[in-house]
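Structure first, commentary second.
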Amino acid sequence: METDTTDTTTIECYRFVEPDLTSVNGDVTWRIGEWNRTTGPVRCCANGLHVSPTPRDSLRDVYGRRWFLAEARGEISRQTHKFAASEMRLVEEIPEGVLRRFAVRCAQDALDHLERRHPVDARVRQRIQAAEGFLDGTLHEADLLEASRAAGGLAASGAPIGADTGRAVAATIAA
């Protein structure tokens, strides 16, 4: 359900932008630390500067390749996992390595949940472990690629793996 408020305080939030600091949707060019403003009534998914309240929520709306901590203020229109504001600024870029580790952690959490429901092919967990090892510097890129091929082979094998396992494989490869 959407609610509208006007807020004079800043709200910490998260958003993605393109490498050149433009928005995928709309015509905003961002400058780190500078406030952008929109005109007209703010309505989520219709008008305003859109953002997510949490890092996890921001992964539902990945529109760009660079991830930022942002601040919003002014007129606010909220939905479940995002909101639009009349004013917003990018505060600090979140390093790509943090995003990669976050993705690996999300894949791990999803796999843990999935394994409580039914057995999962070991190649899926091995892919997550390879990603962790690569990020920690204990595995080389060749090891990571081999684990990716193995996990991808599970999905390509034609074996009935089910939608949940297919999603887990996709998440581990993306991580």
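Starting from 1 in every chain, residues are counted up; chains themselves are A, B, ... following the order of the structure tokens, and ligands are numbered from 1 as listed.
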
task: Would you kindly return, as a ChimeraX atom specification, each protein, DNA or RNA residue with an atom no farther than 9 Å from any atom of range 63-77 of chain A, considering only C-alpha atoms and excluding same-chain residues fewer than 4 positions away?
output: /A:2-19,21-25,33,35,41-44,48-49,51,55,58,82-96,99

query: What lies within 9 Å of Asp57 in chain A using only C-alpha atoms, ignoring chain neighbours under 3 positions off, as a ChimeraX atom specification?
result: /A:14,52-54,60-61,81-82

query: So how many Å separate CA of Ala130 in chain A and CA of Ala150 in chain A, to one decimal?
result: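 According to the coordinates, CA of Ala130 in chain A and CA of Ala150 in chain A are separated by 11.2 Å.
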
Select from range 5-96 of chain A everything DSSP, run on the backbone, classes as helix (DSSP H, G or I), then give the selection as a compact mmCIF listing (two decimals) with N, CA, C and O atoms, in the first residue's frame.
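Saved to part06.txt:
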# COMPACT_ATOMS: atom_id res chain seq x y z
N PRO A 55 19.65 -2.43 1.83
CA PRO A 55 20.48 -3.04 0.78
C PRO A 55 19.78 -4.22 0.11
O PRO A 55 19.80 -4.35 -1.12
N ARG A 56 19.15 -5.08 0.90
CA ARG A 56 18.47 -6.25 0.32
C ARG A 56 17.35 -5.81 -0.62
O ARG A 56 17.20 -6.36 -1.71
N ASP A 57 16.57 -4.83 -0.20
CA ASP A 57 15.49 -4.34 -1.07
C ASP A 57 16.05 -3.77 -2.37
O ASP A 57 15.43 -3.89 -3.42
N SER A 58 17.21 -3.14 -2.30
CA SER A 58 17.77 -2.53 -3.51
C SER A 58 18.12 -3.56 -4.56
O SER A 58 18.16 -3.25 -5.75
N GLU A 96 32.40 -2.57 -5.19
CA GLU A 96 31.94 -3.74 -5.93
C GLU A 96 32.19 -5.03 -5.14
O GLU A 96 31.38 -5.95 -5.17

query: Which of these, A:Arg78, A:Arg100, A:Arg149, A:His113, has the shortest distance to Glu132 in chain A once you count only C-alpha atoms?
result: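 The answer is A:Arg100, which sits nearest to Glu132 in chain A.
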
Near range 135-140 of chain A, 10 Å: range 70-109 of chain A residue rows, closest pairs, only C-alpha atoms, as JSON lines:
{"residue": "A:Gly97", "atom": "CA", "partner": "A:Leu135", "partner_atom": "CA", "distance": 7.8}
{"residue": "A:Val98", "atom": "CA", "partner": "A:Leu135", "partner_atom": "CA", "distance": 9.9}
{"residue": "A:Arg100", "atom": "CA", "partner": "A:Leu135", "partner_atom": "CA", "distance": 8.1}
{"residue": "A:Arg101", "atom": "CA", "partner": "A:Leu135", "partner_atom": "CA", "distance": 7.5}
{"residue": "A:Val104", "atom": "CA", "partner": "A:Leu135", "partner_atom": "CA", "distance": 9.6}

query: CA of Arg123 in chain A to CA of Ala147 in chain A: how many Å, to one decimal?
result: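 A separation of 7.4 Å between them.
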
message: Report, in Å with one decimal, the straight-line distance from CA of Gly40 in chain A to CA of Asp20 in chain A.
response: 26.0 Å

- request: Would you list, as a PyMOL selection string, the residues of range 1-169 of chain A that end up in strand (DSSP E) under DSSP run on this structure's backbone?
  value: chain A and resi 3-17+36-37+49-51+66-78+83-94

- request: Identify which of the residues A:Gly152, A:Arg105, A:Ala110, A:Thr38 lies closest to Gln129 in chain A, counting only C-alpha atoms when measuring atom-to-atom distances.
  value: A:Arg105
